[in-house]
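Pasted below: upload.tsv, TSV, C-alpha atoms.
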```
chain	number	residue	atom	x	y	z
A	1264	MET	CA	104.72	98.88	145.64
A	1265	LEU	CA	108.06	97.40	144.80
A	1266	VAL	CA	108.50	93.93	146.27
A	1267	LEU	CA	112.00	92.48	146.63
A	1268	THR	CA	112.99	89.01	147.82
A	1269	ARG	CA	116.09	88.89	150.01
A	1270	LYS	CA	117.82	86.22	152.08
A	1271	VAL	CA	119.32	86.67	155.52
A	1272	GLY	CA	122.58	88.55	155.14
A	1273	GLU	CA	121.49	90.23	151.92
A	1274	SER	CA	120.56	93.87	151.70
A	1275	PHE	CA	119.16	96.52	149.44
A	1276	ARG	CA	119.81	100.18	149.03
A	1277	ILE	CA	117.43	103.15	148.93
A	1278	GLY	CA	119.01	106.05	147.13
A	1279	SER	CA	122.74	106.37	147.52
A	1280	ASN	CA	123.05	106.26	151.28
A	1281	VAL	CA	120.33	104.15	152.90
A	1282	ILE	CA	121.01	100.42	153.20
A	1283	ILE	CA	118.50	97.93	154.61
A	1284	SER	CA	119.89	94.51	155.55
A	1285	VAL	CA	118.02	91.37	156.55
A	1286	VAL	CA	119.66	90.35	159.82
A	1287	LYS	CA	117.46	87.49	160.95
A	1288	SER	CA	114.22	85.81	159.99
A	1289	ALA	CA	112.41	83.46	162.32
A	1290	SER	CA	108.90	82.67	163.57
A	1291	GLY	CA	107.23	85.10	161.21
A	1292	GLN	CA	109.42	88.00	162.31
A	1293	VAL	CA	112.10	89.70	160.28
A	1294	LYS	CA	114.92	91.62	161.93
A	1295	LEU	CA	116.23	94.40	159.71
A	1296	GLY	CA	119.36	96.48	160.02
A	1297	ILE	CA	119.22	100.03	158.71
A	1298	THR	CA	122.23	102.09	157.78
A	1299	ALA	CA	121.27	105.69	157.07
A	1300	PRO	CA	122.67	109.19	157.50
A	1301	GLY	CA	121.94	110.89	160.82
A	1302	SER	CA	119.59	113.25	159.03
A	1303	VAL	CA	117.16	110.44	158.22
A	1304	SER	CA	114.42	109.87	160.78
A	1305	ILE	CA	113.39	106.25	161.19
A	1306	TYR	CA	110.15	105.32	162.95
A	1307	ARG	CA	108.14	102.20	163.29
A	1308	GLU	CA	105.11	102.88	161.09
A	1309	GLU	CA	102.56	102.24	163.84
A	1310	ILE	CA	104.21	104.84	166.09
A	1311	TYR	CA	104.18	107.45	163.34
A	1312	GLN	CA	100.50	106.68	162.65
A	1313	LYS	CA	99.66	107.04	166.35
A	1314	ILE	CA	101.29	110.45	166.46
A	1315	ARG	CA	99.40	111.48	163.31
A	1316	GLU	CA	96.10	110.38	164.79
A	1317	GLU	CA	96.86	112.10	168.07
A	1318	ASN	CA	97.71	115.35	166.26
A	1319	GLN	CA	94.53	115.21	164.23
A	1320	ALA	CA	92.50	114.58	167.38
A	1321	ALA	CA	94.36	117.42	169.10
A	1322	THR	CA	93.30	119.93	166.46
A	1323	VAL	CA	90.86	122.16	168.21
A	1324	SER	CA	88.38	124.88	167.65
A	1325	GLY	CA	89.06	127.90	169.79
A	1326	GLU	CA	85.60	128.13	171.29
A	1327	LEU	CA	85.35	124.51	172.38
A	1328	SER	CA	88.85	124.66	173.77
A	1329	ALA	CA	88.03	127.73	175.77
A	1330	GLN	CA	85.06	126.05	177.38
A	1331	MET	CA	87.07	122.95	178.09
A	1332	LEU	CA	90.05	124.83	179.45
A	1333	ASN	CA	87.80	126.89	181.65
A	1334	GLN	CA	86.32	123.74	183.08
A	1335	PHE	CA	89.77	122.36	183.68
A	1336	LEU	CA	91.62	125.41	184.82
A	1337	SER	CA	90.81	128.73	186.20
A	1338	PRO	CA	93.32	131.55	186.01
A	1339	GLU	CA	94.59	132.32	189.48
A	1340	LYS	CA	94.71	136.00	188.75
A	1341	GLY	CA	91.82	136.15	186.33
A	1342	ASP	CA	89.81	138.77	188.16
B	634	MET	CA	94.91	119.00	200.46
B	635	ASN	CA	93.83	122.29	198.96
B	636	LYS	CA	93.15	122.08	195.28
B	637	PRO	CA	93.98	124.95	192.99
B	638	ALA	CA	91.12	127.24	192.17
B	639	MET	CA	88.89	125.43	189.75
B	640	ASN	CA	85.26	126.14	190.15
B	641	PRO	CA	83.14	125.00	187.22
B	642	GLY	CA	80.24	127.01	188.60
B	643	THR	CA	82.22	130.19	188.46
B	644	ALA	CA	83.77	129.36	185.12
B	645	SER	CA	80.44	128.67	183.47
B	646	GLU	CA	79.23	132.13	184.44
B	647	LYS	CA	82.10	133.72	182.58
B	648	ARG	CA	82.59	134.05	178.89
B	649	PRO	CA	85.03	131.44	177.61
B	650	GLN	CA	88.50	132.78	178.14
B	651	PHE	CA	90.79	131.62	175.45
B	652	ARG	CA	92.24	134.85	174.34
B	653	PHE	CA	95.41	135.61	172.46
B	654	ASP	CA	96.76	138.69	170.79
B	655	GLU	CA	96.47	138.18	167.03
B	656	ASP	CA	99.16	140.77	166.45
B	657	LYS	CA	101.72	139.12	168.67
B	658	GLY	CA	102.09	135.73	167.03
B	659	ILE	CA	105.54	134.30	166.49
B	660	ALA	CA	106.00	133.08	162.91
B	661	LEU	CA	107.45	129.59	162.72
B	662	GLU	CA	108.32	127.42	159.78
B	663	PHE	CA	107.82	123.66	160.03
B	664	PRO	CA	109.89	122.43	157.07
B	665	LEU	CA	108.52	118.89	157.34
B	666	GLY	CA	105.06	119.88	158.50
B	667	ILE	CA	103.62	118.01	161.47
B	668	PRO	CA	102.60	114.34	161.36
B	669	GLY	CA	99.01	114.39	160.13
B	670	PHE	CA	99.56	117.80	158.54
B	671	GLU	CA	102.66	117.17	156.47
B	672	ASP	CA	101.65	119.72	153.83
B	673	LEU	CA	101.37	122.64	156.24
B	674	HIS	CA	104.64	124.45	156.80
B	675	ASN	CA	103.87	127.91	158.11
B	676	PHE	CA	102.44	128.46	161.55
B	677	HIS	CA	102.07	131.18	164.15
B	678	LEU	CA	102.53	130.57	167.85
B	679	TYR	CA	100.40	132.65	170.19
B	680	GLU	CA	100.63	133.10	173.91
B	681	LEU	CA	97.35	132.51	175.72
B	682	LEU	CA	96.58	135.65	177.64
B	683	ASP	CA	94.69	133.96	180.45
B	684	TYR	CA	96.76	130.85	180.88
B	685	PRO	CA	100.49	131.22	181.43
B	686	ARG	CA	102.51	128.29	180.06
B	687	PHE	CA	99.89	127.51	177.42
B	688	ALA	CA	100.26	128.48	173.79
B	689	PHE	CA	98.24	128.12	170.64
B	690	LEU	CA	99.80	126.95	167.38
B	691	VAL	CA	97.82	127.91	164.28
B	692	ALA	CA	98.55	126.94	160.68
B	693	ASP	CA	98.72	129.95	158.36
B	694	GLU	CA	97.36	128.05	155.39
B	695	GLU	CA	94.48	126.43	157.30
B	696	ARG	CA	93.47	128.43	160.33
B	697	GLN	CA	91.24	125.62	161.55
B	698	VAL	CA	94.35	123.53	162.11
B	699	ALA	CA	95.21	124.75	165.56
B	700	MET	CA	96.75	123.02	168.53
B	701	LEU	CA	96.97	123.85	172.16
B	702	LEU	CA	100.51	123.55	173.50
B	703	LEU	CA	101.92	123.39	176.99
B	704	ASP	CA	105.33	124.34	178.27
B	705	PRO	CA	106.55	121.00	179.69
B	706	GLN	CA	108.44	122.70	182.50
B	707	VAL	CA	105.27	122.64	184.57
B	708	LEU	CA	105.19	118.85	184.62
B	709	ALA	CA	106.95	116.68	187.14
B	710	GLN	CA	107.96	114.49	184.18
B	711	HIS	CA	109.76	117.42	182.63
B	712	ASP	CA	113.16	115.81	183.14
B	713	ALA	CA	112.07	112.66	181.31
B	714	ILE	CA	111.36	114.63	178.16
B	715	LYS	CA	114.90	115.06	176.92
B	716	ILE	CA	115.62	115.64	173.26
B	717	PRO	CA	118.73	113.64	172.31
B	718	GLY	CA	121.30	115.46	170.21
B	719	GLU	CA	120.91	113.02	167.32
B	720	LYS	CA	117.20	113.86	167.12
B	721	LEU	CA	118.16	117.51	166.66
B	722	THR	CA	120.65	116.74	163.92
B	723	GLN	CA	117.97	114.71	162.15
B	724	VAL	CA	116.00	117.92	161.77
B	725	SER	CA	119.07	119.92	160.74
B	726	LEU	CA	119.61	121.61	164.09
B	727	ALA	CA	122.94	121.73	165.83
B	728	LYS	CA	123.21	119.76	169.07
B	729	ASP	CA	123.90	122.95	170.99
B	730	ASP	CA	121.19	125.03	169.32
B	731	GLU	CA	118.93	126.78	171.77
B	732	ILE	CA	115.54	125.15	171.57
B	733	CYS	CA	112.18	125.62	173.17
B	734	THR	CA	110.02	122.59	173.78
B	735	PHE	CA	106.24	122.35	173.85
B	736	LEU	CA	103.83	119.47	174.34
B	737	VAL	CA	100.77	119.01	172.15
B	738	LEU	CA	97.63	118.91	174.24
B	739	ARG	CA	94.44	117.16	173.40
B	740	LEU	CA	91.14	118.21	174.86
B	741	ASN	CA	89.10	115.06	175.11
B	742	HIS	CA	85.57	116.41	175.33
B	743	GLN	CA	83.98	113.01	175.81
B	744	LEU	CA	86.14	112.04	178.74
B	745	GLY	CA	86.47	115.58	180.03
B	746	ARG	CA	90.21	115.11	180.10
B	747	LEU	CA	93.16	117.13	179.01
B	748	THR	CA	96.01	114.95	177.80
B	749	ALA	CA	99.55	115.77	176.76
B	750	ASN	CA	101.64	113.95	174.19
B	751	LEU	CA	104.93	113.34	175.98
B	752	ARG	CA	106.22	111.06	173.24
B	753	ALA	CA	106.31	113.64	170.46
B	754	PRO	CA	107.18	117.13	171.71
B	755	ILE	CA	107.38	120.12	169.41
B	756	VAL	CA	110.83	121.62	169.33
B	757	VAL	CA	111.41	125.17	168.13
B	758	SER	CA	114.80	126.59	167.26
B	759	THR	CA	115.03	130.08	168.68
B	760	ARG	CA	117.75	130.89	166.16
B	761	LEU	CA	116.06	129.68	162.99
B	762	ARG	CA	112.43	130.00	164.08
B	763	THR	CA	111.80	126.55	162.71
B	764	GLY	CA	109.66	123.93	164.37
B	765	HIS	CA	109.69	120.16	164.32
B	766	GLN	CA	107.67	117.53	166.06
B	767	ILE	CA	110.20	115.02	167.29
B	768	ILE	CA	109.11	111.45	167.96
B	769	LEU	CA	111.20	110.18	170.86
B	770	ASP	CA	112.37	106.58	170.99
B	771	ASP	CA	111.44	106.09	174.65
B	772	ASP	CA	108.43	103.73	174.61
B	773	SER	CA	107.66	104.59	178.23
B	774	LEU	CA	106.63	108.15	177.33
B	775	PRO	CA	102.84	108.21	176.90
B	776	ILE	CA	101.14	109.72	173.87
B	777	SER	CA	98.07	110.52	175.98
B	778	TYR	CA	99.24	111.54	179.42
B	779	ALA	CA	96.25	112.72	181.44
B	780	LEU	CA	97.04	116.06	183.03
B	781	MET	CA	95.99	116.61	186.59
B	782	GLU	CA	94.95	119.97	187.96
B	783	ASP	CA	98.15	120.06	189.96
B	784	ASP	CA	100.17	119.57	186.79
B	785	THR	CA	98.95	122.76	185.30
B	786	SER	CA	97.23	125.53	187.20
B	787	GLY	CA	98.89	124.81	190.53
B	788	LYS	CA	102.43	124.40	189.35
B	789	VAL	CA	102.14	127.04	186.69
B	790	ASN	CA	101.91	129.57	189.44
B	791	ALA	CA	104.41	127.85	191.67
B	792	ASN	CA	107.02	127.83	188.94
B	793	ASN	CA	107.02	131.48	188.12
B	794	GLU	CA	110.78	131.65	188.59
B	795	ASN	CA	111.31	129.45	185.53
B	796	VAL	CA	111.65	131.27	182.26
B	797	ARG	CA	108.78	130.39	180.00
B	798	SER	CA	109.60	128.85	176.63
B	799	ILE	CA	107.48	131.39	174.84
B	800	ASP	CA	109.35	134.23	176.54
B	801	VAL	CA	112.63	132.78	175.31
B	802	LEU	CA	111.19	132.80	171.80
B	803	LYS	CA	109.83	136.31	172.09
B	804	GLN	CA	113.11	137.68	173.37
B	805	SER	CA	115.28	135.96	170.79
B	806	SER	CA	115.84	137.48	167.42
B	807	PRO	CA	115.39	135.11	164.50
B	808	ASN	CA	118.47	134.11	162.54
B	809	ALA	CA	120.76	135.69	165.09
B	810	SER	CA	123.98	133.99	166.07
B	811	THR	CA	123.74	131.48	168.89
B	812	GLY	CA	126.57	133.30	170.61
B	813	GLY	CA	129.34	130.88	169.79
B	814	ARG	CA	128.35	128.06	172.09
```
This structure in structure tokens:
Amino acid sequence: MLVLTRKVGESFRIGSNVIISVVKSASGQVKLGITAPGSVSIYREEIYQKIREENQAATVSGELSAQMLNQFLSPEKGD
Amino acid sequence: MNKPAMNPGTASEKRPQFRFDEDKGIALEFPLGIPGFEDLHNFHLYELLDYPRFAFLVADEERQVAMLLLDPQVLAQHDAIKIPGEKLTQVSLAKDDEICTFLVLRLNHQLGRLTANLRAPIVVSTRLRTGHQIILDDDSLPISYALMEDDTSGKVNANNENVRSIDVLKQSSPNASTGGR
């Protein structure tokens, strides 16, 4: 991992069009400003990880799902 | 209050009903994959024959990667799940592209609960037949929203006048023009 040291007000660039600036640093927290094209998605890492974990937990086997769905729902016009 | 028909006794006597027509899948490309499955790009979306408003998303490359999806129109929170235009442009869609939205469901066998991820809906472009899971910025949208019976079976039938997302997909022709607007 590349480690850079920056002061408040300084920035660094990722590729040609993403700029990360250090806006504020206090009490163990760093506030960053990100300038990036609209096509770049920016997420807090913990949110992305939560979605990953949720997706992996949501992956189902058809048979188990059928049993579970049947317990939960019953088609109104099944018969 | 009358609850919708849900009789575990009756259900257990039946064979599990989780049927879909293998021949009627809708091919979708997920250019960025799905979080957790970033390397999988080609999927098929199937309509569940017994459960309107539910769909099944299966990865072509790994058939065991399959997710149950729900058309969010059945939920009272439907209006809260809005996809901002900038989120669409992030995934190379136009702000006025026709999209269909689905929620990823999780069957929690231990808790006996069915939960929906309202924070990260799956958005499908009817024009391009591409799919993306979009992580919304709204922290108030739960990742594990517990579905109630009324959310699904009851309102599914009550909302028959709404066009189902999967019907929109089935009726659209891939790569066709959006019609100018």
May I have the residues within 12 Å of Asp656 of chain B as a PDB file with C-alpha atoms, in the coordinates of the input, using all atoms listed in the file and disregarding those fewer than 4 positions away in the same chain?
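Contents of the output file result08.pdb:
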```
ATOM      1  CA  ALA B 660     106.000 133.080 162.910  1.00  0.00           C
ATOM      2  CA  HIS B 677     102.070 131.180 164.150  1.00  0.00           C
ATOM      3  CA  LEU B 678     102.530 130.570 167.850  1.00  0.00           C
ATOM      4  CA  TYR B 679     100.400 132.650 170.190  1.00  0.00           C
ATOM      5  CA  GLU B 680     100.630 133.100 173.910  1.00  0.00           C
TER       6      GLU B 680
END
```
(request) Can you work out which one of A:Ile1314, A:Val1266, A:Ala1321, A:Ile1283 has the shortest atom-to-atom distance to Leu1295 of chain A, counting only C-alpha atoms? (result) A:Ile1283
List as a tab-separated table (two decimals) with C-alpha atoms, in the frame of the given file the protein and nucleic acid residues near Ser1304 of chain A, meaning an atom at most 9 Å away when only C-alpha atoms are counted, but skip any in the same chain fewer than 5 places from it.
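Output file out-v1.tsv follows:
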```tsv
chain	number	residue	atom	x	y	z
A	1299	ALA	CA	121.27	105.69	157.07
B	720	LYS	CA	117.20	113.86	167.12
B	723	GLN	CA	117.97	114.71	162.15
B	724	VAL	CA	116.00	117.92	161.77
```
(message) Would you compute the distance between atom CA of Ile714 of chain B and atom CA of Ser777 of chain B? Give it in Å to one decimal.
(response) 14.1 Å
(request) Would you mind telling me which residue in A:Arg1269, A:Lys1287, A:Arg1307, A:Arg1315 lies nearest to chain B when using all atoms listed in the file? (result) A:Arg1315
(message) Here is a test: counting only C-alpha atoms, which residue of B:Asp729, B:Arg760, B:Pro775, B:His674 is nearest to chain A?
(response)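 Under the stated criterion, the closest residue is B:Pro775.
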(message) For a test of reading the model, state the distance in Å between atom CA of Asp771 of chain B and atom CA of Leu701 of chain B, rounded to one decimal.
(response)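 Between these atoms lies a distance of 23.0 Å.
A straight line drawn from atom CA of Phe653 of chain B to atom CA of Leu682 of chain B is 5.3 Å long.
When all atoms listed in the file are used to measure the gap to Gln706 of chain B, the shortest distance among B:Ile799, B:Leu673, B:Leu721, B:Leu774 belongs to B:Ile799.
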(message) Using all atoms listed in the file, can you tell me which of A:Ile1282, A:Val1303, A:Thr1268, A:Glu1309 comes closest to chain B?
(response) A:Val1303
(request) For Val801 of chain B, please output as a list in words all residues within 10 Å (counting all atoms listed in the file; exclusion window: fewer than 3 positions along the same chain). (result) Glu731, Ile732, Cys733, Thr759, Val796, Arg797, Ser798, Gln804, Ser805 and Ser806 of chain B
(message) Show me, as a list in words, the residues that have an atom within 9 Å of Tyr1311 of chain A when counting all atoms listed in the file, minus same-chain residues fewer than 5 positions from it.
(response)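 My reading of the contact set: Tyr1306 and Glu1316 of chain A; Pro668 and Ile768 of chain B.
In this comparison, which uses only C-alpha atoms, the residue of B:Asp683, B:Asp712, B:Glu671, B:Glu695 approaching chain A most closely is B:Asp683.
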Find the axis-aligned box for segment 1275-1289 of chain A, covering all its listed atoms and adding 4 Å on each side, and write its centre and edge lengths in Å to one decimal as lines of an AutoDock Vina configuration file.
```
center_x = 117.7
center_y = 94.9
center_z = 154.7
size_x = 18.6
size_y = 30.9
size_z = 23.2
```
(message) Report as number ranges by chain all protein, DNA and RNA residues lying within 12 Å of Leu690 of chain B, evaluated on all atoms listed in the file, omitting residues in the same chain fewer than 3 positions from it.
(response) A: 1318, 1321-1325; B: 653, 655, 658-663, 667, 674-681, 687, 693, 695-703, 735-738, 755, 757, 764, 799
